[in-house]
$ cat run_28.tsv   # TSV, N, CA, C and O atoms
chain	number	residue	atom	x	y	z
A	28	SER	N	-10.95	24.30	46.38
A	28	SER	CA	-10.14	25.17	45.55
A	28	SER	C	-10.26	26.63	45.99
A	28	SER	O	-9.27	27.33	46.05
A	29	ASP	N	-11.50	27.04	46.28
A	29	ASP	CA	-11.70	28.42	46.74
A	29	ASP	C	-10.86	28.73	47.97
A	29	ASP	O	-10.16	29.74	48.03
A	30	ARG	N	-10.97	27.85	48.94
A	30	ARG	CA	-10.26	28.07	50.21
A	30	ARG	C	-8.75	28.12	49.99
A	30	ARG	O	-8.06	28.97	50.55
A	31	TRP	N	-8.22	27.21	49.18
A	31	TRP	CA	-6.78	27.17	48.93
A	31	TRP	C	-6.33	28.46	48.26
A	31	TRP	O	-5.32	29.06	48.66
A	32	LEU	N	-7.06	28.90	47.24
A	32	LEU	CA	-6.71	30.14	46.55
A	32	LEU	C	-6.79	31.34	47.49
A	32	LEU	O	-5.92	32.21	47.47
A	33	GLU	N	-7.83	31.38	48.31
A	33	GLU	CA	-7.96	32.48	49.27
A	33	GLU	C	-6.81	32.48	50.27
A	33	GLU	O	-6.24	33.53	50.59
A	34	ASP	N	-6.45	31.29	50.78
A	34	ASP	CA	-5.34	31.19	51.73
A	34	ASP	C	-4.03	31.67	51.12
A	34	ASP	O	-3.17	32.20	51.82
A	35	LYS	N	-3.87	31.50	49.83
A	35	LYS	CA	-2.65	31.92	49.13
A	35	LYS	C	-2.73	33.36	48.65
A	35	LYS	O	-1.78	33.88	48.07
A	36	GLY	N	-3.88	34.00	48.86
A	36	GLY	CA	-4.05	35.40	48.43
A	36	GLY	C	-4.16	35.53	46.92
A	36	GLY	O	-3.80	36.56	46.36
A	37	ILE	N	-4.66	34.50	46.26
A	37	ILE	CA	-4.78	34.51	44.81
A	37	ILE	C	-6.21	34.89	44.43
A	37	ILE	O	-7.16	34.22	44.83
A	38	GLY	N	-6.34	35.97	43.68
A	38	GLY	CA	-7.66	36.38	43.23
A	38	GLY	C	-8.23	35.35	42.26
A	38	GLY	O	-7.50	34.76	41.48
A	39	HIS	N	-9.53	35.15	42.32
A	39	HIS	CA	-10.15	34.14	41.46
A	39	HIS	C	-11.64	34.38	41.33
A	39	HIS	O	-12.22	35.15	42.07
A	40	TRP	N	-12.22	33.70	40.34
A	40	TRP	CA	-13.66	33.69	40.16
A	40	TRP	C	-14.17	32.33	40.61
A	40	TRP	O	-13.51	31.32	40.42
A	41	THR	N	-15.35	32.32	41.16
A	41	THR	CA	-16.01	31.07	41.53
A	41	THR	C	-17.17	30.86	40.59
A	41	THR	O	-17.95	31.79	40.35
A	42	VAL	N	-17.27	29.66	40.04
A	42	VAL	CA	-18.37	29.34	39.14
A	42	VAL	C	-19.14	28.15	39.70
A	42	VAL	O	-18.63	27.41	40.54
A	43	ALA	N	-20.36	27.97	39.22
A	43	ALA	CA	-21.22	26.91	39.74
A	43	ALA	C	-20.86	25.53	39.22
A	43	ALA	O	-21.06	24.53	39.92
A	44	THR	N	-20.33	25.45	37.99
A	44	THR	CA	-20.03	24.15	37.40
A	44	THR	C	-18.66	24.18	36.74
A	44	THR	O	-18.16	25.24	36.34
A	45	ILE	N	-18.07	23.00	36.60
A	45	ILE	CA	-16.78	22.91	35.92
A	45	ILE	C	-16.92	23.30	34.45
A	45	ILE	O	-15.99	23.86	33.87
A	46	GLU	N	-18.07	23.05	33.87
A	46	GLU	CA	-18.29	23.43	32.47
A	46	GLU	C	-18.19	24.94	32.29
A	46	GLU	O	-17.66	25.42	31.29
A	47	GLU	N	-18.67	25.70	33.28
A	47	GLU	CA	-18.53	27.16	33.23
A	47	GLU	C	-17.06	27.56	33.29
A	47	GLU	O	-16.64	28.48	32.59
A	48	ALA	N	-16.29	26.86	34.09
A	48	ALA	CA	-14.86	27.16	34.19
A	48	ALA	C	-14.16	26.87	32.86
A	48	ALA	O	-13.33	27.66	32.40
A	49	TYR	N	-14.51	25.75	32.24
A	49	TYR	CA	-13.92	25.43	30.93
A	49	TYR	C	-14.27	26.50	29.90
A	49	TYR	O	-13.43	26.89	29.09
A	50	GLU	N	-15.51	26.97	29.93
A	50	GLU	CA	-15.92	28.00	28.98
A	50	GLU	C	-15.12	29.28	29.18
A	50	GLU	O	-14.67	29.90	28.20
A	51	LEU	N	-14.93	29.70	30.43
A	51	LEU	CA	-14.12	30.89	30.70
A	51	LEU	C	-12.69	30.72	30.20
A	51	LEU	O	-12.09	31.64	29.66
A	52	LEU	N	-12.16	29.52	30.38
A	52	LEU	CA	-10.81	29.23	29.89
A	52	LEU	C	-10.77	29.28	28.37
A	52	LEU	O	-9.87	29.90	27.78
A	53	ASP	N	-11.75	28.66	27.73
A	53	ASP	CA	-11.82	28.66	26.26
A	53	ASP	C	-11.92	30.08	25.70
A	53	ASP	O	-11.37	30.37	24.65
A	54	LEU	N	-12.65	30.94	26.42
A	54	LEU	CA	-12.84	32.32	25.96
A	54	LEU	C	-11.65	33.23	26.30
A	54	LEU	O	-11.64	34.39	25.91
A	55	GLY	N	-10.69	32.70	27.05
A	55	GLY	CA	-9.52	33.50	27.43
A	55	GLY	C	-9.82	34.47	28.56
A	55	GLY	O	-9.04	35.39	28.80
A	56	ARG	N	-10.93	34.27	29.27
A	56	ARG	CA	-11.28	35.18	30.36
A	56	ARG	C	-10.58	34.82	31.65
A	56	ARG	O	-10.52	35.62	32.58
A	57	VAL	N	-10.04	33.59	31.74
A	57	VAL	CA	-9.21	33.17	32.86
A	57	VAL	C	-7.98	32.47	32.30
A	57	VAL	O	-7.99	31.97	31.17
A	58	ASP	N	-6.93	32.45	33.09
A	58	ASP	CA	-5.67	31.82	32.67
A	58	ASP	C	-5.54	30.39	33.14
A	58	ASP	O	-4.71	29.65	32.63
A	59	ALA	N	-6.34	30.01	34.13
A	59	ALA	CA	-6.21	28.67	34.70
A	59	ALA	C	-7.51	28.27	35.39
A	59	ALA	O	-8.32	29.13	35.74
A	60	VAL	N	-7.65	26.97	35.59
A	60	VAL	CA	-8.77	26.41	36.34
A	60	VAL	C	-8.18	25.55	37.45
A	60	VAL	O	-7.31	24.72	37.20
A	61	VAL	N	-8.63	25.77	38.66
A	61	VAL	CA	-8.21	24.97	39.81
A	61	VAL	C	-9.40	24.12	40.22
A	61	VAL	O	-10.47	24.64	40.55
A	62	TYR	N	-9.19	22.79	40.18
A	62	TYR	CA	-10.30	21.86	40.45
A	62	TYR	C	-9.71	20.48	40.74
A	62	TYR	O	-8.49	20.32	40.80
A	63	ASP	N	-10.56	19.47	40.85
A	63	ASP	CA	-10.10	18.10	41.10
A	63	ASP	C	-9.19	17.63	39.97
A	63	ASP	O	-9.55	17.70	38.80
A	64	HIS	N	-8.04	17.10	40.35
A	64	HIS	CA	-7.04	16.66	39.38
A	64	HIS	C	-7.59	15.64	38.37
A	64	HIS	O	-7.38	15.82	37.16
A	65	PRO	N	-8.28	14.57	38.79
A	65	PRO	CA	-8.76	13.61	37.80
A	65	PRO	C	-9.72	14.22	36.78
A	65	PRO	O	-9.69	13.87	35.61
A	66	VAL	N	-10.54	15.16	37.21
A	66	VAL	CA	-11.49	15.81	36.31
A	66	VAL	C	-10.74	16.65	35.28
A	66	VAL	O	-11.02	16.59	34.08
A	67	LEU	N	-9.78	17.44	35.75
A	67	LEU	CA	-9.00	18.28	34.84
A	67	LEU	C	-8.13	17.45	33.90
A	67	LEU	O	-7.99	17.76	32.72
A	68	LEU	N	-7.54	16.39	34.43
A	68	LEU	CA	-6.70	15.51	33.61
A	68	LEU	C	-7.53	14.88	32.51
A	68	LEU	O	-7.13	14.85	31.34
A	69	TYR	N	-8.69	14.38	32.85
A	69	TYR	CA	-9.57	13.77	31.85
A	69	TYR	C	-9.94	14.79	30.77
A	69	TYR	O	-9.86	14.50	29.58
A	70	TYR	N	-10.33	15.98	31.18
A	70	TYR	CA	-10.71	17.02	30.21
A	70	TYR	C	-9.54	17.35	29.29
A	70	TYR	O	-9.71	17.45	28.07
A	71	THR	N	-8.37	17.49	29.85
A	71	THR	CA	-7.18	17.81	29.07
A	71	THR	C	-6.88	16.73	28.05
A	71	THR	O	-6.60	17.01	26.89
A	72	LEU	N	-6.95	15.48	28.48
A	72	LEU	CA	-6.67	14.36	27.58
A	72	LEU	C	-7.75	14.18	26.51
A	72	LEU	O	-7.45	13.74	25.40
A	73	GLN	N	-8.98	14.53	26.83
A	73	GLN	CA	-10.07	14.39	25.86
A	73	GLN	C	-10.13	15.57	24.88
A	73	GLN	O	-10.84	15.49	23.87
A	74	ASN	N	-9.39	16.63	25.16
A	74	ASN	CA	-9.41	17.82	24.31
A	74	ASN	C	-7.99	18.26	23.95
A	74	ASN	O	-7.61	19.41	24.21
A	75	PRO	N	-7.21	17.39	23.32
A	75	PRO	CA	-5.81	17.73	23.05
A	75	PRO	C	-5.66	18.92	22.10
A	75	PRO	O	-4.65	19.63	22.15
A	76	ASP	N	-6.66	19.16	21.26
A	76	ASP	CA	-6.61	20.27	20.32
A	76	ASP	C	-6.60	21.64	21.00
A	76	ASP	O	-6.18	22.62	20.41
A	77	LYS	N	-7.03	21.69	22.26
A	77	LYS	CA	-7.07	22.96	22.97
A	77	LYS	C	-5.71	23.36	23.54
A	77	LYS	O	-5.50	24.50	23.91
A	78	GLY	N	-4.80	22.39	23.63
A	78	GLY	CA	-3.45	22.70	24.10
A	78	GLY	C	-3.32	22.98	25.58
A	78	GLY	O	-2.34	23.56	26.02
A	79	TYR	N	-4.29	22.56	26.38
A	79	TYR	CA	-4.23	22.79	27.81
A	79	TYR	C	-3.26	21.81	28.46
A	79	TYR	O	-3.09	20.68	28.01
A	80	LEU	N	-2.63	22.24	29.53
A	80	LEU	CA	-1.68	21.43	30.28
A	80	LEU	C	-2.06	21.43	31.75
A	80	LEU	O	-2.60	22.42	32.25
A	81	ILE	N	-1.73	20.36	32.44
A	81	ILE	CA	-1.85	20.31	33.89
A	81	ILE	C	-0.55	20.87	34.44
A	81	ILE	O	0.53	20.35	34.14
A	82	ALA	N	-0.64	21.93	35.22
A	82	ALA	CA	0.56	22.60	35.72
A	82	ALA	C	0.81	22.23	37.18
A	82	ALA	O	-0.12	22.22	37.99
A	83	GLY	N	2.05	21.93	37.51
A	83	GLY	CA	2.43	21.70	38.90
A	83	GLY	C	1.90	20.41	39.47
A	83	GLY	O	1.34	19.56	38.79
A	84	GLU	N	2.09	20.28	40.76
A	84	GLU	CA	1.70	19.08	41.50
A	84	GLU	C	0.30	19.24	42.10
A	84	GLU	O	-0.18	20.36	42.28
A	85	VAL	N	-0.31	18.14	42.43
A	85	VAL	CA	-1.58	18.17	43.16
A	85	VAL	C	-1.29	18.77	44.52
A	85	VAL	O	-0.37	18.33	45.22
A	86	PHE	N	-2.04	19.79	44.92
A	86	PHE	CA	-1.72	20.46	46.18
A	86	PHE	C	-2.56	19.99	47.36
A	86	PHE	O	-2.29	20.35	48.48
A	87	ASN	N	-3.59	19.22	47.11
A	87	ASN	CA	-4.39	18.69	48.21
A	87	ASN	C	-4.95	17.34	47.79
A	87	ASN	O	-6.11	17.23	47.40
A	88	GLU	N	-4.11	16.33	47.84
A	88	GLU	CA	-4.51	15.01	47.37
A	88	GLU	C	-5.63	14.44	48.23
A	88	GLU	O	-5.58	14.49	49.46
A	89	GLU	N	-6.64	13.93	47.55
A	89	GLU	CA	-7.78	13.33	48.22
A	89	GLU	C	-8.10	12.00	47.54
A	89	GLU	O	-8.01	11.89	46.32
A	90	ASP	N	-8.48	11.03	48.32
A	90	ASP	CA	-8.90	9.76	47.78
A	90	ASP	C	-10.41	9.78	47.59
A	90	ASP	O	-11.13	10.48	48.29
A	91	TYR	N	-10.87	9.01	46.62
A	91	TYR	CA	-12.30	8.87	46.40
A	91	TYR	C	-12.77	7.60	47.09
A	91	TYR	O	-11.99	6.69	47.34
A	92	GLY	N	-14.04	7.53	47.41
A	92	GLY	CA	-14.59	6.36	48.06
A	92	GLY	C	-15.97	6.06	47.55
A	92	GLY	O	-16.56	6.83	46.80
A	93	ILE	N	-16.46	4.93	47.95
A	93	ILE	CA	-17.82	4.51	47.62
A	93	ILE	C	-18.56	4.38	48.94
A	93	ILE	O	-18.10	3.68	49.84
A	94	ALA	N	-19.71	5.04	49.06
A	94	ALA	CA	-20.48	4.99	50.30
A	94	ALA	C	-21.63	4.00	50.18
A	94	ALA	O	-22.29	3.92	49.14
A	95	PHE	N	-21.82	3.24	51.24
A	95	PHE	CA	-22.91	2.28	51.33
A	95	PHE	C	-23.68	2.55	52.62
A	95	PHE	O	-23.11	3.02	53.59
A	96	PRO	N	-24.96	2.19	52.63
A	96	PRO	CA	-25.70	2.29	53.89
A	96	PRO	C	-25.06	1.36	54.94
A	96	PRO	O	-24.47	0.34	54.60
A	97	THR	N	-25.18	1.73	56.19
A	97	THR	CA	-24.66	0.89	57.28
A	97	THR	C	-25.21	-0.52	57.14
A	97	THR	O	-26.41	-0.72	56.95
A	98	GLY	N	-24.30	-1.50	57.21
A	98	GLY	CA	-24.70	-2.89	57.15
A	98	GLY	C	-24.97	-3.42	55.75
A	98	GLY	O	-25.44	-4.54	55.60
A	99	SER	N	-24.64	-2.65	54.72
A	99	SER	CA	-24.90	-3.10	53.35
A	99	SER	C	-24.13	-4.38	53.05
A	99	SER	O	-22.93	-4.47	53.29
A	100	PRO	N	-24.79	-5.36	52.45
A	100	PRO	CA	-24.11	-6.60	52.07
A	100	PRO	C	-23.17	-6.39	50.88
A	100	PRO	O	-22.35	-7.26	50.58
A	101	LEU	N	-23.28	-5.27	50.21
A	101	LEU	CA	-22.43	-5.00	49.04
A	101	LEU	C	-21.02	-4.56	49.42
A	101	LEU	O	-20.09	-4.71	48.62
A	102	ARG	N	-20.84	-4.01	50.60
A	102	ARG	CA	-19.56	-3.43	51.00
A	102	ARG	C	-18.41	-4.43	50.86
A	102	ARG	O	-17.40	-4.13	50.21
A	103	GLU	N	-18.52	-5.58	51.44
A	103	GLU	CA	-17.44	-6.57	51.41
A	103	GLU	C	-17.18	-7.05	49.99
A	103	GLU	O	-16.03	-7.19	49.58
A	104	ALA	N	-18.24	-7.32	49.24
A	104	ALA	CA	-18.07	-7.79	47.86
A	104	ALA	C	-17.36	-6.75	46.99
A	104	ALA	O	-16.47	-7.09	46.21
A	105	ILE	N	-17.72	-5.49	47.15
A	105	ILE	CA	-17.09	-4.42	46.37
A	105	ILE	C	-15.62	-4.27	46.78
A	105	ILE	O	-14.73	-4.13	45.93
A	106	ASN	N	-15.35	-4.29	48.07
A	106	ASN	CA	-13.96	-4.19	48.54
A	106	ASN	C	-13.11	-5.31	47.97
A	106	ASN	O	-11.99	-5.09	47.51
A	107	ARG	N	-13.62	-6.52	47.98
A	107	ARG	CA	-12.88	-7.67	47.44
A	107	ARG	C	-12.67	-7.54	45.94
A	107	ARG	O	-11.59	-7.81	45.42
A	108	ALA	N	-13.70	-7.10	45.22
A	108	ALA	CA	-13.59	-6.92	43.78
A	108	ALA	C	-12.55	-5.85	43.43
A	108	ALA	O	-11.74	-6.03	42.51
A	109	LEU	N	-12.56	-4.75	44.17
A	109	LEU	CA	-11.57	-3.69	43.94
A	109	LEU	C	-10.16	-4.20	44.21
A	109	LEU	O	-9.22	-3.90	43.47
A	110	LEU	N	-10.00	-4.97	45.26
A	110	LEU	CA	-8.69	-5.54	45.59
A	110	LEU	C	-8.19	-6.44	44.46
A	110	LEU	O	-7.02	-6.37	44.07
A	111	VAL	N	-9.06	-7.25	43.91
A	111	VAL	CA	-8.68	-8.13	42.79
A	111	VAL	C	-8.24	-7.28	41.60
A	111	VAL	O	-7.21	-7.56	40.97
A	112	LEU	N	-9.00	-6.24	41.28
A	112	LEU	CA	-8.65	-5.36	40.15
A	112	LEU	C	-7.30	-4.70	40.34
A	112	LEU	O	-6.52	-4.55	39.39
A	113	ILE	N	-7.01	-4.29	41.56
A	113	ILE	CA	-5.71	-3.66	41.85
A	113	ILE	C	-4.59	-4.69	41.75
A	113	ILE	O	-3.56	-4.44	41.11
A	114	GLU	N	-4.79	-5.85	42.35
A	114	GLU	CA	-3.74	-6.87	42.38
A	114	GLU	C	-3.45	-7.47	41.00
A	114	GLU	O	-2.30	-7.80	40.71
A	115	ASN	N	-4.45	-7.62	40.14
A	115	ASN	CA	-4.19	-8.25	38.84
A	115	ASN	C	-3.85	-7.25	37.74
A	115	ASN	O	-3.66	-7.62	36.59
A	116	GLY	N	-3.77	-5.96	38.09
A	116	GLY	CA	-3.34	-4.95	37.12
A	116	GLY	C	-4.46	-4.31	36.32
A	116	GLY	O	-4.23	-3.38	35.55
A	117	THR	N	-5.68	-4.81	36.47
A	117	THR	CA	-6.81	-4.26	35.71
A	117	THR	C	-7.06	-2.80	36.07
A	117	THR	O	-7.35	-1.98	35.19
A	118	TYR	N	-6.93	-2.46	37.35
A	118	TYR	CA	-7.16	-1.07	37.77
A	118	TYR	C	-6.20	-0.14	37.02
A	118	TYR	O	-6.62	0.89	36.49
A	119	ASP	N	-4.93	-0.50	36.95
A	119	ASP	CA	-3.97	0.34	36.23
A	119	ASP	C	-4.28	0.42	34.74
A	119	ASP	O	-4.09	1.47	34.12
A	120	GLN	N	-4.77	-0.67	34.15
A	120	GLN	CA	-5.15	-0.64	32.73
A	120	GLN	C	-6.30	0.34	32.51
A	120	GLN	O	-6.29	1.12	31.54
A	121	ILE	N	-7.28	0.30	33.38
A	121	ILE	CA	-8.43	1.21	33.26
A	121	ILE	C	-7.96	2.65	33.47
A	121	ILE	O	-8.33	3.55	32.72
A	122	TYR	N	-7.14	2.86	34.48
A	122	TYR	CA	-6.64	4.20	34.78
A	122	TYR	C	-5.85	4.75	33.59
A	122	TYR	O	-6.05	5.90	33.17
A	123	THR	N	-5.00	3.92	33.01
A	123	THR	CA	-4.20	4.35	31.87
A	123	THR	C	-5.08	4.69	30.68
A	123	THR	O	-4.83	5.66	29.96
A	124	LYS	N	-6.12	3.89	30.46
A	124	LYS	CA	-7.05	4.14	29.36
A	124	LYS	C	-7.64	5.54	29.45
A	124	LYS	O	-7.73	6.26	28.46
A	125	TRP	N	-8.06	5.93	30.65
A	125	TRP	CA	-8.77	7.19	30.81
A	125	TRP	C	-7.87	8.37	31.14
A	125	TRP	O	-8.21	9.52	30.86
A	126	TYR	N	-6.70	8.11	31.77
A	126	TYR	CA	-5.85	9.22	32.22
A	126	TYR	C	-4.46	9.22	31.60
A	126	TYR	O	-3.66	10.09	31.87
A	127	GLY	N	-4.13	8.23	30.79
A	127	GLY	CA	-2.90	8.26	30.03
A	127	GLY	C	-1.65	7.82	30.76
A	127	GLY	O	-0.58	7.83	30.19
A	128	SER	N	-1.72	7.44	32.01
A	128	SER	CA	-0.56	6.94	32.75
A	128	SER	C	-1.05	6.05	33.87
A	128	SER	O	-2.23	6.06	34.21
A	129	SER	N	-0.13	5.30	34.46
A	129	SER	CA	-0.57	4.39	35.53
A	129	SER	C	-0.94	5.19	36.77
A	129	SER	O	-0.50	6.31	36.97
A	130	SER	N	-1.73	4.58	37.64
A	130	SER	CA	-2.24	5.26	38.83
A	130	SER	C	-1.18	5.50	39.86
A	130	SER	O	-1.37	6.28	40.79
A	131	ASP	N	-0.01	4.84	39.77
A	131	ASP	CA	1.03	5.01	40.78
A	131	ASP	C	2.00	6.13	40.45
A	131	ASP	O	2.99	6.32	41.12
A	132	GLN	N	1.72	6.89	39.40
A	132	GLN	CA	2.60	8.01	39.04
A	132	GLN	C	2.10	9.30	39.60
A	132	GLN	O	1.00	9.53	39.86
$ encode --input "run_28.tsv" --output "structure tokens"
Amino acid sequence: SDRWLEDKGIGHWTVATIEEAYELLDLGRVDAVVYDHPVLLYYTLQNPDKGYLIAGEVFNEEDYGIAFPTGSPLREAINRALLVLIENGTYDQIYTKWYGSSSDQ
């Protein structure tokens, strides 16, 4: 986020934790928070009384992953389990529960 804001010439504050950013927003000391979309979306949905909105599109989409030690026997089992969850719709149900819309939107 820092690098993107700097590249765009947008002045900003850097904080150590997302909780500090939320506090600055709550206090009206900043107008916006730039951070990972899933984290901000979750916070917004869990705090509807605050009236926060997600503005605009994701500007640097990144996928999340799970890291295993080289040769881990868990890698294949986890990959297969995730594939089953995606194919049978469970992944979208979980995503909707926590983020309010399907993962393909």
$ residues_around --input "run_28.tsv" --residues "stretch 117-126 of chain A" --least-positions-apart "4" --cutoff "6 Å" --atoms "only N, CA, C and O atoms" --output "list in words"
Leu68, Tyr69, Val111, Leu112, Ile113 and Ser130 of chain A
$ atom_distance --input "run_28.tsv" --atom1 "atom C of A:Tyr49" --atom2 "atom N of A:Asp29"
16.6 Å
$ atom_distance --input "run_28.tsv" --atom1 "atom C of A:Asp34" --atom2 "atom N of A:Asp58"
18.3 Å
$ select_by_dssp --input "run_28.tsv" --residues "stretch 46-121 of chain A" --states "helix (DSSP H, G or I)" --output "ChimeraX atom specification"
/A:46-53,64-73,75-77,101-114,117-121
$ atom_distance --input "run_28.tsv" --atom1 "atom CA of A:Tyr79" --atom2 "atom CA of A:Val42"
19.3 Å
$ decode --input "run_28.tsv" --residues "stretch 38-120 of chain A" --atoms "C-alpha atoms" --output "short mmCIF file (atom, residue, chain, number, x, y, z; two decimals), in the first residue's frame"
data_model
loop_
_atom_site.label_atom_id
_atom_site.label_comp_id
_atom_site.auth_asym_id
_atom_site.auth_seq_id
_atom_site.Cartn_x
_atom_site.Cartn_y
_atom_site.Cartn_z
CA GLY A 38 0.36 11.67 0.92
CA HIS A 39 -0.29 9.15 3.66
CA TRP A 40 0.56 7.93 7.13
CA THR A 41 2.10 4.54 7.76
CA VAL A 42 1.06 2.65 10.86
CA ALA A 43 2.36 -0.57 12.39
CA THR A 44 -0.96 -2.41 12.59
CA ILE A 45 -4.32 -2.38 10.85
CA GLU A 46 -5.93 -1.73 14.23
CA GLU A 47 -4.04 1.58 14.40
CA ALA A 48 -5.39 2.47 10.97
CA TYR A 49 -8.95 1.69 12.05
CA GLU A 50 -8.49 3.86 15.13
CA LEU A 51 -7.29 6.81 13.03
CA LEU A 52 -10.29 6.35 10.77
CA ASP A 53 -12.67 6.15 13.74
CA LEU A 54 -11.18 9.35 15.16
CA GLY A 55 -11.55 11.17 11.83
CA ARG A 56 -7.80 11.74 11.57
CA VAL A 57 -7.69 10.00 8.17
CA ASP A 58 -10.26 9.80 5.39
CA ALA A 59 -9.39 6.32 4.15
CA VAL A 60 -7.41 3.17 4.83
CA VAL A 61 -5.54 1.37 2.05
CA TYR A 62 -4.85 -2.27 2.89
CA ASP A 63 -5.65 -5.86 1.86
CA HIS A 64 -9.14 -6.04 0.40
CA PRO A 65 -10.34 -9.13 2.33
CA VAL A 66 -9.25 -7.59 5.64
CA LEU A 67 -11.00 -4.29 4.94
CA LEU A 68 -14.10 -6.01 3.58
CA TYR A 69 -14.37 -8.18 6.68
CA TYR A 70 -13.96 -5.17 8.98
CA THR A 71 -16.57 -3.19 7.06
CA LEU A 72 -19.08 -6.04 7.17
CA GLN A 73 -18.47 -6.69 10.87
CA ASN A 74 -18.94 -3.00 11.75
CA PRO A 75 -21.96 -1.83 9.74
CA ASP A 76 -22.79 0.80 12.38
CA LYS A 77 -19.66 2.74 11.41
CA GLY A 78 -20.93 3.35 7.88
CA TYR A 79 -17.62 2.56 6.18
CA LEU A 80 -17.61 1.59 2.51
CA ILE A 81 -15.11 -0.13 0.25
CA ALA A 82 -14.35 2.40 -2.47
CA GLY A 83 -13.26 1.55 -6.00
CA GLU A 84 -11.70 -1.59 -7.38
CA VAL A 85 -8.87 -3.69 -5.99
CA PHE A 86 -5.76 -2.10 -7.48
CA ASN A 87 -3.26 -4.89 -6.90
CA GLU A 88 -4.99 -8.24 -6.74
CA GLU A 89 -3.03 -10.92 -4.94
CA ASP A 90 -3.86 -14.53 -4.25
CA TYR A 91 -3.28 -16.11 -0.88
CA GLY A 92 -1.51 -19.43 -0.45
CA ILE A 93 -0.60 -22.03 2.09
CA ALA A 94 3.09 -22.81 2.55
CA PHE A 95 4.40 -26.25 3.45
CA PRO A 96 7.93 -27.50 4.00
CA THR A 97 9.48 -29.11 0.93
CA GLY A 98 8.21 -32.65 0.57
CA SER A 99 5.37 -32.24 3.06
CA PRO A 100 2.84 -35.08 2.82
CA LEU A 101 0.09 -32.56 3.60
CA ARG A 102 0.45 -30.60 0.36
CA GLU A 103 -1.42 -33.01 -1.93
CA ALA A 104 -4.16 -33.72 0.62
CA ILE A 105 -4.78 -30.00 1.20
CA ASN A 106 -4.82 -29.25 -2.53
CA ARG A 107 -7.36 -32.02 -3.12
CA ALA A 108 -9.53 -30.89 -0.20
CA LEU A 109 -9.53 -27.30 -1.46
CA LEU A 110 -10.47 -28.48 -4.94
CA VAL A 111 -13.43 -30.43 -3.52
CA LEU A 112 -14.59 -27.36 -1.56
CA ILE A 113 -14.41 -25.20 -4.68
CA GLU A 114 -16.14 -27.73 -6.93
CA ASN A 115 -19.01 -28.55 -4.55
CA GLY A 116 -19.76 -24.90 -3.73
CA THR A 117 -18.67 -25.01 -0.09
CA TYR A 118 -15.90 -22.47 -0.70
CA ASP A 119 -18.42 -19.95 -2.04
CA GLN A 120 -20.73 -20.60 0.93
#
